[in-house]
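Enquirer: Take a look at my_file_24.cif, mmCIF, C-alpha atoms and all ligand atoms:
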```
data_work
loop_
_atom_site.label_atom_id
_atom_site.label_comp_id
_atom_site.auth_asym_id
_atom_site.auth_seq_id
_atom_site.Cartn_x
_atom_site.Cartn_y
_atom_site.Cartn_z
CA MET P 1 7.08 29.76 -7.90
CA HIS P 2 7.10 26.00 -7.45
CA LYS P 3 5.62 24.93 -4.15
CA LYS P 4 7.50 22.00 -2.69
CA LEU P 5 4.94 19.28 -1.99
CA PHE P 6 4.48 18.06 1.56
CA ILE P 7 1.09 16.67 0.60
CA PRO P 8 0.28 12.95 0.59
CA GLY P 9 0.37 12.63 -3.17
CA PRO P 10 1.44 13.65 -5.59
CA THR P 11 4.73 13.99 -3.78
CA GLU P 12 7.78 16.00 -4.74
CA VAL P 13 9.55 14.54 -7.80
CA ARG P 14 13.24 15.37 -8.28
CA GLN P 15 14.31 17.15 -11.46
CA ASP P 16 16.41 14.28 -12.86
CA ILE P 17 13.38 12.00 -12.60
CA LEU P 18 11.17 14.58 -14.31
CA ASP P 19 13.83 14.90 -17.00
CA ALA P 20 13.89 11.14 -17.58
CA GLN P 21 10.37 11.48 -18.97
CA ALA P 22 11.72 13.52 -21.86
CA THR P 23 13.62 10.54 -23.28
CA PRO P 24 12.48 9.95 -26.89
CA LEU P 25 9.73 7.37 -27.21
CA ILE P 26 10.08 3.78 -28.28
CA GLY P 27 7.36 1.44 -29.54
CA HIS P 28 5.71 -0.60 -26.82
CA ARG P 29 5.97 -3.78 -28.91
CA THR P 30 9.72 -3.53 -29.37
CA LYS P 31 12.54 -5.44 -27.75
CA ALA P 32 13.68 -2.16 -26.21
CA PHE P 33 10.39 -1.81 -24.36
CA THR P 34 10.45 -5.42 -23.20
CA GLU P 35 13.90 -4.74 -21.76
CA LEU P 36 12.67 -1.60 -20.05
CA TYR P 37 9.56 -3.22 -18.60
CA THR P 38 11.07 -6.54 -17.52
CA GLY P 39 13.96 -4.56 -16.05
CA ILE P 40 11.49 -2.54 -13.96
CA ILE P 41 9.75 -5.71 -12.76
CA ASP P 42 13.08 -7.30 -11.79
CA LYS P 43 14.13 -4.17 -9.91
CA LEU P 44 10.80 -4.06 -8.07
CA LYS P 45 11.14 -7.72 -7.09
CA GLU P 46 14.60 -7.11 -5.74
CA LEU P 47 13.70 -3.98 -3.78
CA LEU P 48 10.47 -5.42 -2.41
CA GLU P 49 12.08 -8.80 -1.75
CA THR P 50 9.37 -10.80 -3.44
CA ASN P 51 9.06 -13.39 -6.17
CA ASN P 52 5.32 -12.82 -6.52
CA PHE P 53 3.96 -11.70 -9.88
CA ILE P 54 4.21 -7.92 -10.28
CA THR P 55 2.32 -5.87 -12.82
CA VAL P 56 2.60 -2.15 -13.50
CA LEU P 57 -0.34 -0.61 -15.32
CA THR P 58 -0.99 2.82 -16.69
CA ALA P 59 -3.67 3.94 -14.27
CA SER P 60 -3.89 5.21 -10.71
CA GLY P 61 -3.94 2.86 -7.73
CA THR P 62 -7.73 2.70 -7.56
CA ILE P 63 -7.66 0.38 -10.57
CA PHE P 64 -6.22 -2.36 -8.40
CA MET P 65 -8.66 -1.74 -5.55
CA GLU P 66 -11.33 -2.63 -8.08
CA GLY P 67 -9.17 -5.27 -9.76
CA ALA P 68 -8.48 -7.03 -6.45
CA ILE P 69 -12.21 -7.43 -5.86
CA ARG P 70 -13.01 -8.44 -9.41
CA ASN P 71 -10.23 -11.04 -9.51
CA CYS P 72 -10.32 -12.44 -6.00
CA VAL P 73 -13.94 -12.44 -4.84
CA ASN P 74 -16.93 -14.31 -6.23
CA ASN P 75 -19.31 -13.53 -3.40
CA ASP P 76 -18.21 -12.57 0.09
CA VAL P 77 -15.63 -10.02 1.13
CA LEU P 78 -14.88 -8.41 4.48
CA CYS P 79 -13.70 -4.78 4.36
CA CYS P 80 -11.84 -3.02 7.17
CA VAL P 81 -12.90 0.63 7.23
CA ASN P 82 -11.19 3.33 9.30
CA GLY P 83 -10.98 6.28 6.93
CA ALA P 84 -11.81 7.61 3.47
CA PHE P 85 -9.75 5.22 1.35
CA SER P 86 -10.74 2.05 3.19
CA ASP P 87 -14.34 3.23 2.84
CA ARG P 88 -13.73 3.70 -0.89
CA TRP P 89 -12.60 0.07 -1.13
CA PHE P 90 -15.77 -1.09 0.65
CA LYS P 91 -17.88 0.99 -1.76
CA ILE P 92 -15.98 -0.40 -4.75
CA ALA P 93 -16.77 -3.94 -3.54
CA GLN P 94 -20.44 -2.98 -3.31
CA LYS P 95 -20.36 -1.44 -6.79
CA CYS P 96 -18.87 -4.70 -8.06
CA ASP P 97 -21.97 -6.38 -6.62
CA ARG P 98 -20.08 -8.49 -4.07
CA ASN P 99 -21.60 -9.24 -0.65
CA SER P 100 -19.54 -6.82 1.39
CA ASP P 101 -19.41 -6.90 5.16
CA VAL P 102 -17.50 -4.35 7.09
CA ILE P 103 -15.47 -3.80 10.24
CA THR P 104 -15.81 -0.10 11.01
CA VAL P 105 -13.92 1.93 13.57
CA ASP P 106 -13.88 5.69 13.99
CA TRP P 107 -11.62 7.74 11.76
CA GLY P 108 -8.26 8.09 13.49
CA LYS P 109 -8.48 4.68 15.13
CA ALA P 110 -6.69 1.55 13.93
CA ILE P 111 -8.13 -1.81 12.93
CA LYS P 112 -7.08 -4.33 15.60
CA PRO P 113 -6.27 -8.01 14.97
CA GLU P 114 -8.93 -9.26 17.38
CA MET P 115 -11.63 -7.40 15.41
CA VAL P 116 -10.54 -9.22 12.29
CA ASP P 117 -10.43 -12.56 14.11
CA GLU P 118 -13.91 -12.13 15.53
CA LYS P 119 -15.44 -11.37 12.12
CA LEU P 120 -13.56 -14.08 10.25
CA LYS P 121 -14.70 -16.61 12.86
CA SER P 122 -18.33 -15.72 12.27
CA LYS P 123 -18.61 -16.31 8.52
CA LYS P 124 -16.74 -17.77 5.56
CA TYR P 125 -15.22 -14.92 3.55
CA GLU P 126 -13.15 -15.17 0.40
CA ALA P 127 -11.05 -12.09 1.07
CA LEU P 128 -10.28 -9.29 3.51
CA THR P 129 -9.46 -5.75 2.41
CA LEU P 130 -7.12 -3.64 4.53
CA VAL P 131 -5.69 -0.20 3.83
CA GLN P 132 -2.36 -0.53 5.60
CA ASN P 133 -1.73 3.22 5.71
CA GLU P 134 -4.90 5.35 5.89
CA THR P 135 -3.82 8.53 4.17
CA SER P 136 -6.94 10.39 5.27
CA THR P 137 -6.19 9.97 8.99
CA GLY P 138 -2.46 9.25 9.24
CA VAL P 139 -3.12 5.83 10.78
CA ARG P 140 -0.89 2.84 10.18
CA ASN P 141 -2.93 -0.28 10.72
CA PRO P 142 -0.94 -3.00 12.57
CA ILE P 143 -0.49 -5.19 9.53
CA GLU P 144 2.05 -7.48 11.17
CA ASP P 145 -0.44 -8.45 13.93
CA ILE P 146 -3.37 -8.68 11.51
CA ALA P 147 -1.25 -10.93 9.28
CA LYS P 148 -0.81 -13.34 12.21
CA VAL P 149 -4.60 -13.66 12.44
CA MET P 150 -4.88 -14.11 8.68
CA LYS P 151 -2.52 -17.10 8.89
CA ASN P 152 -5.33 -18.93 10.76
CA TYR P 153 -7.65 -18.39 7.80
CA PRO P 154 -5.65 -19.61 4.81
CA ASP P 155 -8.70 -19.63 2.53
CA VAL P 156 -9.24 -15.91 3.00
CA LEU P 157 -7.16 -13.82 0.62
CA PHE P 158 -5.36 -10.87 2.20
CA LEU P 159 -5.88 -7.80 -0.01
CA VAL P 160 -3.76 -4.87 1.10
CA ASP P 161 -3.63 -1.26 -0.07
CA THR P 162 -0.15 0.16 0.48
CA VAL P 163 -0.78 3.12 -1.82
CA SER P 164 0.73 5.70 0.51
CA SER P 165 3.34 3.55 2.20
CA LEU P 166 5.07 1.16 -0.19
CA MET P 167 8.73 2.24 -0.54
CA GLY P 168 8.55 4.34 2.62
CA ASP P 169 7.41 1.77 5.17
CA LYS P 170 8.70 -1.78 5.37
CA ILE P 171 6.12 -4.25 4.10
CA ASN P 172 7.26 -7.89 4.14
CA ILE P 173 4.91 -8.96 1.39
CA GLU P 174 5.56 -12.68 1.40
CA GLU P 175 6.31 -13.09 5.10
CA LEU P 176 3.01 -11.38 5.94
CA GLY P 177 1.17 -13.53 3.42
CA ILE P 178 -0.16 -10.57 1.46
CA ASP P 179 -2.02 -11.86 -1.59
CA ILE P 180 -2.62 -8.51 -3.24
CA CYS P 181 -0.38 -5.55 -2.47
CA LEU P 182 -1.28 -2.46 -4.48
CA ALA P 183 0.31 0.95 -4.77
CA SER P 184 0.48 4.13 -6.86
CA SER P 185 3.52 5.86 -8.31
CA GLN P 186 2.74 9.32 -6.92
CA LYS P 187 3.35 8.59 -3.24
CA ALA P 188 6.41 7.12 -1.53
CA PHE P 189 7.91 6.15 -4.89
CA ALA P 190 8.33 9.90 -5.54
CA LEU P 191 7.20 9.57 -9.14
CA PRO P 192 4.56 11.45 -11.10
CA PRO P 193 1.00 10.06 -11.01
CA GLY P 194 -0.03 7.63 -13.73
CA LEU P 195 1.37 4.22 -12.85
CA ALA P 196 -0.23 1.66 -10.55
CA LEU P 197 1.48 -1.44 -9.24
CA CYS P 198 0.11 -4.71 -8.01
CA ILE P 199 1.97 -7.59 -6.42
CA VAL P 200 -0.07 -10.76 -6.75
CA SER P 201 0.51 -14.05 -4.90
CA ASP P 202 0.19 -17.46 -6.58
CA LYS P 203 -2.79 -18.10 -4.33
CA ALA P 204 -4.54 -15.00 -5.67
CA LEU P 205 -3.73 -15.99 -9.25
CA GLU P 206 -5.17 -19.46 -8.71
CA LYS P 207 -8.28 -17.99 -7.16
CA ALA P 208 -8.67 -15.51 -10.04
CA LYS P 209 -8.89 -18.43 -12.47
CA THR P 210 -12.09 -19.48 -10.67
CA VAL P 211 -13.68 -16.03 -10.65
CA LYS P 212 -15.99 -15.07 -13.50
CA GLY P 213 -16.29 -11.58 -14.96
CA ARG P 214 -12.78 -10.44 -14.09
CA GLY P 215 -13.03 -7.87 -16.85
CA HIS P 216 -10.22 -7.11 -19.28
CA TYR P 217 -7.87 -4.25 -18.39
CA CYS P 218 -7.12 -5.53 -14.94
CA ASP P 219 -7.50 -9.29 -15.38
CA PHE P 220 -4.61 -10.75 -13.38
CA VAL P 221 -4.66 -14.03 -15.32
CA GLY P 222 -4.52 -12.20 -18.65
CA LEU P 223 -1.83 -9.82 -17.43
CA LYS P 224 0.34 -12.69 -16.22
CA ASP P 225 -0.11 -14.68 -19.43
CA TYR P 226 0.83 -11.69 -21.54
CA PHE P 227 3.82 -10.89 -19.39
CA ASP P 228 5.05 -14.49 -19.45
CA LYS P 229 4.77 -14.61 -23.23
CA LYS P 230 5.94 -11.14 -24.22
CA GLY P 231 7.40 -9.33 -21.20
CA GLN P 232 5.02 -6.45 -21.91
CA THR P 233 1.60 -5.14 -20.89
CA PRO P 234 -1.43 -6.02 -23.05
CA SER P 235 -2.37 -2.37 -23.66
CA THR P 236 -0.25 0.67 -24.43
CA PRO P 237 1.71 1.77 -21.35
CA ALA P 238 2.79 5.28 -20.36
CA ILE P 239 6.31 4.74 -21.65
CA THR P 240 7.56 8.12 -20.46
CA LEU P 241 6.52 7.28 -16.90
CA MET P 242 8.26 3.94 -17.22
CA TYR P 243 11.51 5.76 -18.02
CA ALA P 244 11.05 7.77 -14.85
CA MET P 245 10.25 4.67 -12.80
CA ASP P 246 13.25 2.80 -14.14
CA LYS P 247 15.59 5.61 -13.14
CA GLN P 248 13.93 6.11 -9.78
CA LEU P 249 14.26 2.42 -8.90
CA ASP P 250 18.00 2.68 -9.54
CA LYS P 251 18.15 5.69 -7.24
CA ILE P 252 16.17 3.88 -4.56
CA LYS P 253 18.55 0.94 -4.81
CA ALA P 254 21.51 3.28 -4.46
CA GLU P 255 19.97 4.80 -1.33
CA GLY P 256 19.23 1.33 0.05
CA MET P 257 15.80 0.28 1.29
CA GLY P 258 17.00 0.19 4.91
CA ASN P 259 18.21 3.79 4.67
CA ARG P 260 14.99 4.80 2.96
CA PHE P 261 12.87 3.33 5.76
CA LYS P 262 15.12 4.97 8.37
CA ARG P 263 14.80 8.35 6.68
CA HIS P 264 11.01 8.03 6.64
CA ALA P 265 10.95 7.04 10.32
CA GLU P 266 13.13 10.04 11.23
CA MET P 267 10.95 12.47 9.30
CA ALA P 268 7.80 10.99 10.88
CA LYS P 269 9.25 11.30 14.38
CA TYR P 270 10.23 14.90 13.82
CA VAL P 271 6.81 15.93 12.54
CA GLN P 272 4.95 13.93 15.19
CA ASP P 273 7.08 15.30 18.06
CA TRP P 274 6.28 18.78 16.76
CA GLY P 275 2.59 17.85 16.27
CA LYS P 276 2.30 16.60 19.85
CA LYS P 277 4.03 19.70 21.22
CA TYR P 278 1.98 22.34 19.43
CA PHE P 279 -1.23 20.49 18.45
CA SER P 280 -2.23 16.87 19.07
CA MET P 281 -2.20 13.83 16.84
CA PHE P 282 -5.43 12.79 15.15
CA SER P 283 -4.15 9.23 14.86
CA GLU P 284 -4.49 6.81 17.75
CA PRO P 285 -1.29 6.72 19.84
CA GLY P 286 1.00 3.92 18.73
CA TYR P 287 -0.53 3.70 15.27
CA GLU P 288 1.01 6.76 13.62
CA SER P 289 1.90 6.45 9.96
CA VAL P 290 5.54 6.81 8.94
CA THR P 291 4.66 8.59 5.69
CA VAL P 292 1.93 11.08 6.62
CA SER P 293 1.04 12.79 9.90
CA CYS P 294 -2.42 14.10 10.69
CA MET P 295 -2.68 16.73 13.44
CA ASN P 296 -5.81 17.92 15.24
CA ASN P 297 -6.26 21.64 14.72
CA THR P 298 -6.32 22.27 18.49
CA ARG P 299 -5.12 25.88 18.05
CA LYS P 300 -8.05 26.61 15.74
CA ILE P 301 -5.83 28.17 13.10
CA SER P 302 -7.10 28.68 9.58
CA VAL P 303 -5.39 25.81 7.78
CA ALA P 304 -6.32 27.39 4.44
CA ASP P 305 -4.61 30.67 5.44
CA LEU P 306 -1.57 28.82 6.72
CA ASN P 307 -1.27 27.05 3.40
CA THR P 308 -1.62 30.35 1.51
CA GLU P 309 1.23 31.83 3.54
CA LEU P 310 3.31 28.69 3.10
CA GLY P 311 2.61 28.89 -0.63
CA LYS P 312 4.20 32.36 -0.77
CA ARG P 313 7.31 30.77 0.72
CA GLY P 314 7.28 27.82 -1.68
CA TYR P 315 5.69 25.02 0.35
CA ALA P 316 2.37 23.16 0.33
CA ILE P 317 0.81 21.00 3.04
CA SER P 318 -2.67 19.39 3.15
CA ASN P 319 -5.86 20.34 4.89
CA GLY P 320 -7.80 17.64 6.71
CA TYR P 321 -9.37 15.11 4.33
CA GLY P 322 -13.10 15.48 3.57
CA LYS P 323 -15.02 15.90 6.79
CA LEU P 324 -11.78 16.73 8.63
CA LYS P 325 -11.22 19.94 6.62
CA GLU P 326 -10.04 22.70 9.00
CA LEU P 327 -10.49 20.31 11.94
CA ALA P 328 -7.20 18.65 11.16
CA PHE P 329 -4.30 19.06 8.78
CA ARG P 330 -1.72 16.74 7.26
CA ILE P 331 1.97 16.91 6.55
CA ALA P 332 3.34 14.20 4.30
CA HIS P 333 6.91 13.06 4.76
CA MET P 334 7.28 10.53 2.03
CA GLY P 335 9.18 9.83 -1.13
CA ASP P 336 12.50 11.58 -1.54
CA LEU P 337 11.98 14.36 1.02
CA THR P 338 14.76 14.75 3.56
CA LEU P 339 14.77 15.53 7.27
CA ASP P 340 16.37 18.90 6.45
CA GLU P 341 13.50 19.76 4.14
CA ILE P 342 11.01 18.76 6.84
CA LYS P 343 12.82 20.94 9.38
CA GLU P 344 12.75 23.85 6.94
CA LEU P 345 9.00 23.41 6.46
CA ILE P 346 8.32 23.20 10.20
CA ASN P 347 10.47 26.31 10.86
CA ASN P 348 8.38 28.20 8.32
CA ILE P 349 5.12 26.99 9.89
CA ASN P 350 6.37 28.06 13.33
CA GLU P 351 7.30 31.48 11.98
CA ILE P 352 3.94 31.98 10.29
CA LEU P 353 1.99 30.86 13.35
CA GLY P 354 4.30 32.70 15.77
CA ILE P 355 4.81 29.60 17.91
C1 LIG B 401 -4.56 4.80 0.90
C2 LIG B 401 -4.99 5.17 -0.47
N1 LIG B 401 -5.61 4.27 -1.22
C3 LIG B 401 -6.01 4.54 -2.46
C4 LIG B 401 -5.80 5.78 -3.02
C5 LIG B 401 -6.23 6.03 -4.41
O1 LIG B 401 -5.09 6.03 -5.20
P1 LIG B 401 -5.10 6.70 -6.65
O2 LIG B 401 -5.48 8.12 -6.46
O3 LIG B 401 -3.70 6.49 -7.12
O4 LIG B 401 -6.10 5.95 -7.46
C6 LIG B 401 -5.17 6.77 -2.28
C7 LIG B 401 -4.94 8.10 -2.84
O5 LIG B 401 -4.58 9.03 -2.18
C8 LIG B 401 -4.74 6.44 -0.98
O6 LIG B 401 -4.09 7.35 -0.25
#
```
Represent the structure contained in this file as structure tokens.
Expert:
Amino acid sequence: MHKKLFIPGPTEVRQDILDAQATPLIGHRTKAFTELYTGIIDKLKELLETNNFITVLTASGTIFMEGAIRNCVNNDVLCCVNGAFSDRWFKIAQKCDRNSDVITVDWGKAIKPEMVDEKLKSKKYEALTLVQNETSTGVRNPIEDIAKVMKNYPDVLFLVDTVSSLMGDKINIEELGIDICLASSQKAFALPPGLALCIVSDKALEKAKTVKGRGHYCDFVGLKDYFDKKGQTPSTPAITLMYAMDKQLDKIKAEGMGNRFKRHAEMAKYVQDWGKKYFSMFSEPGYESVTVSCMNNTRKISVADLNTELGKRGYAISNGYGKLKELAFRIAHMGDLTLDEIKELINNINEILGI
């Protein structure tokens, strides 16, 4: 039996989108592919309300966490760390041999604008990394307030991971001055894994031209040149996934971004009201994510057993991430899930737990 996915990626993909992947292949150096790919980029620009350069690569989102560092930082980067994925970005920066400083807060807490201001005041950095939606803890960092601080440091590039929020949470890329906005297909896009997206500002592109050793696969300057000349990607793309993305972007447009954000906010509220009533939220009050909720396991249930029982009924949720296993659990409400589906899941959890 298929278990409907209420996990924070991969998320549930609707059958018509899965079916789109079965469209017969075309060559990736044909006019037909150029039309498909440039069409996708135009649709993304329209939905995300940006004119910044957008590239879609065949990879998972991590490629752009590394790519952002390799393209935008020669020496010094400041990383905001408040969970597993923001910590991954910090470690990637270290592995790329950049001088990486860090702002660390406890898991479950949010990064605050004044923390960023204090650090940026103390030293000249080339870039700041921020995971806007920490999937491991269900925390939404206050990007709008942090962006206001960033405006006072125009030489510091603003590198933002929206892997688990883009298309579910409103991110005003240009208004917030985001220089790198990266995401993966398998989250709020409600697509299969395998495509990664990056939205790159002109400022980031100019900076990249001055950075040595950008590598090849993820070189923003090379990607932009190739796109401008051919309307394609330099290496062979996952064409079948592109079919799915193309169709899904049409469906997202038909839903309307405003409606999509509203649906996500309603699902988040429902899960978090339930979480507060029967458990407690792991995420700091006021900073709850709109795409994934993380609850403290205050009732000391076996999360693994709960998931086994849910599995028999055709649902899957997530245990706590890493060190939070069994201490917390997560319910994702992102992508194409509906409030009715969330209610159905919660009713089943209540039945299983007898609450
Ligand atoms: C916030 C965040 N950043 C980065 C990643 C890594 O993305 P990917 O697995 O697509 O490489 C994830 C994956 O869950 C994530 O949630």
Enquirer: Do you know which residues are within 10 Å of ligand LIG 401 (chain B) using only C-alpha atoms and all ligand atoms? Can you write them as a ChimeraX atom specification?
Expert: /P:7-10,59-65,83-89,130-138,160-165,182-187,193-197,292
Enquirer: Fewer than 4 positions away in the same chain doesn't count, so skip those; otherwise give me all residues within 7 Å of range 232-235 of chain P, counting only C-alpha atoms, as a list in words.
Expert: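 Once the adjacent positions are removed, what remains is Thr34, Tyr37, Leu223, Tyr226 and Phe227 of chain P.
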Enquirer: Just the selected residues (C-alpha atoms), exported as a short mmCIF file (atom, residue, chain, number, x, y, z; two decimals), keeping the file's coordinate frame, please.
Expert:
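Once written, result04.cif looks like this:
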```cif
data_model
loop_
_atom_site.label_atom_id
_atom_site.label_comp_id
_atom_site.auth_asym_id
_atom_site.auth_seq_id
_atom_site.Cartn_x
_atom_site.Cartn_y
_atom_site.Cartn_z
CA THR P 34 10.45 -5.42 -23.20
CA TYR P 37 9.56 -3.22 -18.60
CA LEU P 223 -1.83 -9.82 -17.43
CA TYR P 226 0.83 -11.69 -21.54
CA PHE P 227 3.82 -10.89 -19.39
#
```
Enquirer: Quote the spacing between CA of Thr55 in chain P and CA of Thr129 in chain P in Å to one decimal place.
Expert: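 Computing it gives 19.3 Å between the two atoms.
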Enquirer: So, counting all atoms listed in the file, which residue among P:Asp97, P:Glu284, P:Asp145, P:Glu255 is closest to Val116 in chain P?
Expert: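 For Val116 in chain P, the nearest of the candidates is P:Asp145.
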Enquirer: Please list as number ranges by chain every residue within 12 Å of range 274-278 of chain P, counting all atoms listed in the file and excluding residues in the same chain fewer than 3 positions away.
Expert: P: 267-271, 281-283, 285, 288, 292-301, 328-331, 342-343, 345-347, 349-350, 353-355
Enquirer: Between CA of Thr58 in chain P and CA of Asp219 in chain P, what is the spacing in Å?
Expert: 13.8 Å
Enquirer: Could you check how far CA of Lys43 in chain P sits from CA of Asp250 in chain P, in Å to one decimal?
Expert: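 Separation of CA of Lys43 in chain P and CA of Asp250 in chain P: 7.9 Å.
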Enquirer: Just want the 7 Å neighbourhood of Val156 in chain P, counted on only C-alpha atoms, with same-chain residues fewer than 4 positions away dropped. Output as number ranges by chain.
Expert: P: 125-128
